[in-house]
>>> print(open('upload-v2.txt').read())   # compact mmCIF, C-alpha atoms
# COMPACT_ATOMS: atom_id res chain seq x y z
CA MET Y 238 13.09 27.34 -17.13
CA ARG Y 239 10.92 24.57 -18.51
CA GLY Y 240 11.39 23.29 -22.01
CA LYS Y 241 8.79 22.91 -24.72
CA LYS Y 242 7.48 19.57 -25.91
CA SER Y 243 9.41 20.03 -29.14
CA ASP Y 244 12.75 20.52 -27.32
CA LEU Y 245 15.11 17.58 -27.18
CA HIS Y 246 15.78 16.08 -23.75
CA ARG Y 247 18.86 17.43 -21.98
CA ASN Y 248 20.26 13.94 -21.42
CA PRO Y 249 19.70 11.57 -24.39
CA ASP Y 250 20.68 8.58 -22.18
CA ASP Y 251 17.79 9.29 -19.79
CA PRO Y 252 14.73 7.49 -21.20
CA PRO Y 253 11.32 9.17 -21.01
CA ARG Y 254 9.11 8.09 -18.13
CA TRP Y 255 6.36 5.59 -18.75
CA ARG Y 256 2.80 6.51 -18.02
CA ALA Y 257 0.46 4.00 -16.40
CA ASN Y 258 0.95 0.31 -15.87
CA LYS Y 259 -0.60 -1.33 -18.90
CA ALA Y 260 0.04 -4.93 -17.83
CA ARG Y 261 -2.67 -7.35 -18.87
CA GLY Y 262 -4.63 -9.54 -16.48
CA ARG Y 263 -5.78 -9.06 -12.93
CA GLY Y 264 -3.82 -6.75 -10.75
CA THR Y 265 -1.73 -7.77 -7.77
CA TYR Y 266 0.41 -5.86 -5.32
CA GLU Y 267 3.50 -7.45 -6.88
CA ASN Y 268 2.76 -6.19 -10.42
CA ASP Y 269 2.08 -2.67 -9.06
CA ARG Y 270 -1.67 -2.83 -9.64
CA PRO Y 271 -3.08 -3.68 -6.20
CA PRO Y 272 -6.74 -4.71 -6.35
CA ILE Y 273 -9.34 -2.97 -4.21
CA LEU Y 274 -12.17 -5.10 -2.87
CA GLY Y 275 -15.34 -3.08 -2.40
CA MET Y 276 -18.54 -3.96 -0.60
CA VAL Y 277 -21.69 -1.92 -0.13
CA GLY Y 278 -24.86 -2.75 1.79
CA ARG Y 279 -27.93 -2.67 -0.42
CA GLU Y 280 -30.17 -1.56 2.43
CA THR Y 281 -27.80 0.61 4.46
CA GLY Y 282 -25.71 2.11 1.64
CA TRP Y 283 -22.66 1.74 3.90
CA ALA Y 284 -19.51 1.05 1.85
CA CYS Y 285 -16.30 -0.73 2.78
CA PHE Y 286 -13.11 -0.87 0.69
CA ARG Y 287 -9.93 -2.87 1.27
CA VAL Y 288 -6.71 -2.79 -0.73
CA CYS Y 289 -5.64 -6.43 -1.21
CA LEU Y 290 -2.42 -8.14 -2.20
CA ASP Y 291 -4.16 -10.23 -4.88
CA THR Y 292 -7.56 -11.58 -5.95
CA LYS Y 293 -7.02 -15.17 -4.83
CA GLU Y 294 -9.86 -16.96 -3.09
CA GLU Y 295 -8.12 -16.96 0.31
CA THR Y 296 -7.62 -13.19 0.22
CA ILE Y 297 -11.19 -12.48 -0.89
CA ARG Y 298 -12.66 -14.94 1.60
CA ALA Y 299 -10.89 -13.41 4.59
CA THR Y 300 -11.92 -9.88 3.65
CA VAL Y 301 -15.55 -10.67 2.80
CA ALA Y 302 -16.00 -12.84 5.90
CA GLY Y 303 -14.59 -10.10 8.11
CA GLU Y 304 -16.76 -7.32 6.70
CA THR Y 305 -20.16 -8.94 6.04
CA ALA Y 306 -22.86 -10.52 8.17
CA GLU Y 307 -22.96 -14.31 8.56
CA GLU Y 308 -26.24 -14.75 6.65
CA ALA Y 309 -25.57 -12.11 3.98
CA CYS Y 310 -26.43 -12.62 0.32
CA ILE Y 311 -23.40 -11.48 -1.67
CA PHE Y 312 -23.96 -10.11 -5.19
CA THR Y 313 -20.81 -10.53 -7.31
CA ASP Y 314 -19.53 -10.56 -10.84
CA GLU Y 315 -18.39 -13.77 -12.51
CA ASN Y 316 -14.95 -13.85 -10.85
CA ARG Y 317 -13.96 -17.39 -9.77
CA SER Y 318 -12.59 -16.07 -6.48
CA TYR Y 319 -16.16 -15.99 -5.13
CA LEU Y 320 -16.94 -19.67 -5.80
CA TRP Y 321 -16.40 -20.48 -2.11
CA LEU Y 322 -19.72 -18.73 -1.42
CA GLU Y 323 -21.53 -21.53 -3.27
CA ASN Y 324 -20.29 -24.17 -0.79
CA GLU Y 325 -23.13 -25.82 1.19
CA LYS Y 326 -21.25 -25.28 4.46
CA GLU Y 327 -20.99 -21.52 3.89
CA SER Y 328 -23.67 -19.46 5.67
CA ARG Y 329 -23.40 -16.61 3.14
CA THR Y 330 -25.00 -17.06 -0.27
CA ARG Y 331 -23.93 -15.78 -3.65
CA LYS Y 332 -25.83 -14.42 -6.62
CA ALA Y 333 -23.65 -13.65 -9.59
CA VAL Y 334 -24.01 -11.74 -12.83
CA ASP Y 335 -22.05 -12.83 -15.88
CA HIS Y 336 -21.25 -9.51 -17.55
CA SER Y 337 -20.47 -11.21 -20.85
CA GLU Y 338 -24.13 -12.27 -20.97
CA GLU Y 339 -26.04 -9.40 -19.34
CA TRP Y 340 -25.79 -6.45 -16.96
CA ALA Y 341 -28.39 -7.77 -14.49
CA GLU Y 342 -30.37 -10.96 -13.98
CA ASP Y 343 -34.01 -11.71 -13.19
CA GLN Y 344 -33.74 -14.97 -11.24
CA ASP Y 345 -37.36 -15.35 -10.12
CA GLY Y 346 -39.05 -14.40 -13.42
CA ASP Y 347 -41.08 -11.44 -12.09
CA GLY Y 348 -39.58 -8.97 -14.57
CA VAL Y 349 -37.43 -7.20 -11.97
CA ARG Y 350 -33.68 -7.63 -12.43
CA GLU Y 351 -32.72 -7.97 -8.80
CA VAL Y 352 -29.25 -9.49 -9.26
CA HIS Y 353 -26.84 -6.73 -10.28
CA VAL Y 354 -23.66 -5.01 -9.14
CA ASN Y 355 -24.60 -1.55 -10.38
CA THR Y 356 -24.44 -0.03 -6.89
CA ILE Y 357 -20.76 -0.81 -6.36
CA GLU Y 358 -19.94 -0.06 -10.03
CA GLY Y 359 -21.23 3.49 -9.53
CA ILE Y 360 -19.14 3.87 -6.40
CA TRP Y 361 -16.04 2.64 -8.31
CA THR Y 362 -16.54 5.54 -10.70
CA SER Y 363 -16.49 7.97 -7.78
CA LEU Y 364 -13.35 6.37 -6.34
CA ARG Y 365 -11.56 6.51 -9.71
CA ASN Y 366 -12.52 10.16 -10.11
CA ARG Y 367 -11.19 10.92 -6.61
CA LEU Y 368 -7.86 9.15 -7.30
CA ARG Y 369 -7.52 10.70 -10.76
CA ARG Y 370 -6.93 14.10 -9.12
CA PHE Y 371 -3.59 12.86 -7.79
CA ARG Y 372 -2.40 11.60 -11.21
CA GLY Y 373 -1.15 8.35 -9.76
CA VAL Y 374 -0.86 7.08 -6.22
CA HIS Y 375 1.99 4.94 -4.93
CA LYS Y 376 0.76 1.47 -4.01
CA ASP Y 377 2.13 1.79 -0.47
CA HIS Y 378 -0.10 4.84 0.13
CA LEU Y 379 -3.17 3.64 -1.81
CA SER Y 380 -4.91 2.23 1.27
CA GLY Y 381 -4.81 5.67 2.93
CA TYR Y 382 -6.39 7.36 -0.07
CA VAL Y 383 -9.04 4.63 -0.26
CA ALA Y 384 -9.74 4.97 3.48
CA MET Y 385 -10.27 8.71 3.09
CA PHE Y 386 -12.67 8.08 0.21
CA GLU Y 387 -14.55 5.53 2.32
CA LEU Y 388 -14.81 8.02 5.18
CA ALA Y 389 -16.12 10.76 2.89
CA PHE Y 390 -18.55 8.37 1.19
CA ASN Y 391 -20.02 7.01 4.41
CA HIS Y 392 -20.31 10.32 6.28
CA ASP Y 393 -22.17 13.30 4.86
CA GLU Y 394 -20.47 15.66 7.30
CA ILE Y 395 -17.52 15.51 9.64
CA THR Y 396 -18.87 16.18 13.12
CA PRO Y 397 -16.97 16.66 16.39
CA ALA Y 398 -18.32 13.28 17.55
CA LEU Y 399 -16.87 11.57 14.46
CA LEU Y 400 -13.50 13.25 15.00
CA GLN Y 401 -13.49 12.11 18.62
CA ARG Y 402 -14.22 8.51 17.57
CA MET Y 403 -11.45 8.69 14.96
CA CYS Y 404 -8.98 9.92 17.58
CA GLY Y 405 -10.02 7.25 20.07
CA VAL Y 406 -11.45 9.68 22.59
>>> encode(input="upload-v2.txt", output="structure tokens")
Amino acid sequence: MRGKKSDLHRNPDDPPRWRANKARGRGTYENDRPPILGMVGRETGWACFRVCLDTKEETIRATVAGETAEEACIFTDENRSYLWLENEKESRTRKAVDHSEEWAEDQDGDGVREVHVNTIEGIWTSLRNRLRRFRGVHKDHLSGYVAMFELAFNHDEITPALLQRMCGV
């Protein structure tokens, strides 16, 4: 039989469980808040998500370079981990929005705010809503949940051909 909220705990030496990890700063795998790097094509709408160990430049660079085209223009927030995209030797370019200043930027003065990250921000909301159903996901299993979200996001319907590709047939 379950107790009521007003009932005292059976074992006073057993502390109550903590809810959520409220650590400040950027998440890492070590502090139990693994970051998820998300990318979405502006023209294709195709999304890609990767659970990372940290948000260091080396980690971000390897993931972005592996998942984007050589000549891609990458729209980012103000995170310093993307500064490598501004190197002259890098074939990809970067356009960044400083969220402390504005939500989008008009870089060419035509009145259209073409530099924004609203597309991926909307997808983050969908991913958070999907994960919220599970009331917490262990970090070792997070990549599987994220992969399932990516699959559902990128495919409107699961067809026999998709299942065959997934199974390697």
>>> atom_distance(input="upload-v2.txt", atom1="CA of Arg317 (chain Y)", atom2="CA of Arg367 (chain Y)")
28.6 Å
>>> residues_near_point(input="upload-v2.txt", point="(-11.4, -14.2, -4.9)", cutoff="12 Å", atoms="only C-alpha atoms", output="ChimeraX atom specification")
/Y:263,265,272-274,289-302,313-322
>>> atom_distance(input="upload-v2.txt", atom1="CA of Arg331 (chain Y)", atom2="CA of Ile311 (chain Y)")
4.8 Å
>>> closest_residue(input="upload-v2.txt", among="Y:Arg287, Y:Lys259, Y:Arg279, Y:Lys241", to="Val383 (chain Y)", atoms="only C-alpha atoms")
Y:Arg287
>>> build_atoms(input="upload-v2.txt", residues="region 379-405 of chain Y", atoms="N, CA and C atoms", output="PDB file, keeping the file's coordinate frame")
ATOM      1  N   LEU Y 379      -1.824   3.780  -1.240  1.00  0.00           N
ATOM      2  CA  LEU Y 379      -3.170   3.640  -1.810  1.00  0.00           C
ATOM      3  C   LEU Y 379      -4.218   3.388  -0.737  1.00  0.00           C
ATOM      4  N   SER Y 380      -3.915   2.554   0.251  1.00  0.00           N
ATOM      5  CA  SER Y 380      -4.910   2.230   1.270  1.00  0.00           C
ATOM      6  C   SER Y 380      -5.342   3.477   2.050  1.00  0.00           C
ATOM      7  N   GLY Y 381      -4.443   4.421   2.255  1.00  0.00           N
ATOM      8  CA  GLY Y 381      -4.810   5.670   2.930  1.00  0.00           C
ATOM      9  C   GLY Y 381      -5.764   6.512   2.106  1.00  0.00           C
ATOM     10  N   TYR Y 382      -5.499   6.611   0.812  1.00  0.00           N
ATOM     11  CA  TYR Y 382      -6.390   7.360  -0.070  1.00  0.00           C
ATOM     12  C   TYR Y 382      -7.764   6.696  -0.145  1.00  0.00           C
ATOM     13  N   VAL Y 383      -7.772   5.371  -0.205  1.00  0.00           N
ATOM     14  CA  VAL Y 383      -9.040   4.630  -0.260  1.00  0.00           C
ATOM     15  C   VAL Y 383      -9.792   4.796   1.050  1.00  0.00           C
ATOM     16  N   ALA Y 384      -9.085   4.779   2.179  1.00  0.00           N
ATOM     17  CA  ALA Y 384      -9.740   4.970   3.480  1.00  0.00           C
ATOM     18  C   ALA Y 384     -10.374   6.356   3.580  1.00  0.00           C
ATOM     19  N   MET Y 385      -9.690   7.361   3.065  1.00  0.00           N
ATOM     20  CA  MET Y 385     -10.270   8.710   3.090  1.00  0.00           C
ATOM     21  C   MET Y 385     -11.506   8.800   2.205  1.00  0.00           C
ATOM     22  N   PHE Y 386     -11.478   8.107   1.063  1.00  0.00           N
ATOM     23  CA  PHE Y 386     -12.670   8.080   0.210  1.00  0.00           C
ATOM     24  C   PHE Y 386     -13.815   7.391   0.936  1.00  0.00           C
ATOM     25  N   GLU Y 387     -13.518   6.267   1.586  1.00  0.00           N
ATOM     26  CA  GLU Y 387     -14.550   5.530   2.320  1.00  0.00           C
ATOM     27  C   GLU Y 387     -15.163   6.401   3.413  1.00  0.00           C
ATOM     28  N   LEU Y 388     -14.323   7.124   4.130  1.00  0.00           N
ATOM     29  CA  LEU Y 388     -14.810   8.020   5.180  1.00  0.00           C
ATOM     30  C   LEU Y 388     -15.734   9.084   4.596  1.00  0.00           C
ATOM     31  N   ALA Y 389     -15.301   9.708   3.503  1.00  0.00           N
ATOM     32  CA  ALA Y 389     -16.120  10.760   2.890  1.00  0.00           C
ATOM     33  C   ALA Y 389     -17.414  10.185   2.312  1.00  0.00           C
ATOM     34  N   PHE Y 390     -17.351   8.980   1.776  1.00  0.00           N
ATOM     35  CA  PHE Y 390     -18.550   8.370   1.190  1.00  0.00           C
ATOM     36  C   PHE Y 390     -19.578   8.030   2.271  1.00  0.00           C
ATOM     37  N   ASN Y 391     -19.106   7.490   3.376  1.00  0.00           N
ATOM     38  CA  ASN Y 391     -20.020   7.010   4.410  1.00  0.00           C
ATOM     39  C   ASN Y 391     -20.534   8.094   5.348  1.00  0.00           C
ATOM     40  N   HIS Y 392     -19.886   9.250   5.364  1.00  0.00           N
ATOM     41  CA  HIS Y 392     -20.310  10.320   6.280  1.00  0.00           C
ATOM     42  C   HIS Y 392     -20.577  11.589   5.478  1.00  0.00           C
ATOM     43  N   ASP Y 393     -21.793  12.077   5.583  1.00  0.00           N
ATOM     44  CA  ASP Y 393     -22.170  13.300   4.860  1.00  0.00           C
ATOM     45  C   ASP Y 393     -21.444  14.520   5.411  1.00  0.00           C
ATOM     46  N   GLU Y 394     -21.173  14.524   6.705  1.00  0.00           N
ATOM     47  CA  GLU Y 394     -20.470  15.660   7.300  1.00  0.00           C
ATOM     48  C   GLU Y 394     -19.555  15.153   8.409  1.00  0.00           C
ATOM     49  N   ILE Y 395     -18.470  15.856   8.597  1.00  0.00           N
ATOM     50  CA  ILE Y 395     -17.520  15.510   9.640  1.00  0.00           C
ATOM     51  C   ILE Y 395     -17.919  16.285  10.894  1.00  0.00           C
ATOM     52  N   THR Y 396     -18.396  15.570  11.882  1.00  0.00           N
ATOM     53  CA  THR Y 396     -18.870  16.180  13.120  1.00  0.00           C
ATOM     54  C   THR Y 396     -17.804  16.044  14.210  1.00  0.00           C
ATOM     55  N   PRO Y 397     -17.902  16.830  15.264  1.00  0.00           N
ATOM     56  CA  PRO Y 397     -16.970  16.660  16.390  1.00  0.00           C
ATOM     57  C   PRO Y 397     -17.016  15.247  16.973  1.00  0.00           C
ATOM     58  N   ALA Y 398     -18.205  14.647  17.011  1.00  0.00           N
ATOM     59  CA  ALA Y 398     -18.320  13.280  17.550  1.00  0.00           C
ATOM     60  C   ALA Y 398     -17.551  12.288  16.677  1.00  0.00           C
ATOM     61  N   LEU Y 399     -17.621  12.457  15.364  1.00  0.00           N
ATOM     62  CA  LEU Y 399     -16.870  11.570  14.460  1.00  0.00           C
ATOM     63  C   LEU Y 399     -15.368  11.752  14.662  1.00  0.00           C
ATOM     64  N   LEU Y 400     -14.924  12.989  14.767  1.00  0.00           N
ATOM     65  CA  LEU Y 400     -13.500  13.250  15.000  1.00  0.00           C
ATOM     66  C   LEU Y 400     -13.020  12.648  16.314  1.00  0.00           C
ATOM     67  N   GLN Y 401     -13.858  12.707  17.349  1.00  0.00           N
ATOM     68  CA  GLN Y 401     -13.490  12.110  18.620  1.00  0.00           C
ATOM     69  C   GLN Y 401     -13.377  10.591  18.502  1.00  0.00           C
ATOM     70  N   ARG Y 402     -14.302   9.961  17.784  1.00  0.00           N
ATOM     71  CA  ARG Y 402     -14.220   8.510  17.570  1.00  0.00           C
ATOM     72  C   ARG Y 402     -12.978   8.154  16.784  1.00  0.00           C
ATOM     73  N   MET Y 403     -12.627   8.964  15.767  1.00  0.00           N
ATOM     74  CA  MET Y 403     -11.450   8.690  14.960  1.00  0.00           C
ATOM     75  C   MET Y 403     -10.168   8.813  15.780  1.00  0.00           C
ATOM     76  N   CYS Y 404     -10.162   9.708  16.745  1.00  0.00           N
ATOM     77  CA  CYS Y 404      -8.980   9.920  17.580  1.00  0.00           C
ATOM     78  C   CYS Y 404      -8.951   8.989  18.790  1.00  0.00           C
ATOM     79  N   GLY Y 405      -9.989   8.188  18.958  1.00  0.00           N
ATOM     80  CA  GLY Y 405     -10.020   7.250  20.070  1.00  0.00           C
ATOM     81  C   GLY Y 405     -10.387   7.865  21.400  1.00  0.00           C
TER      82      GLY Y 405
END
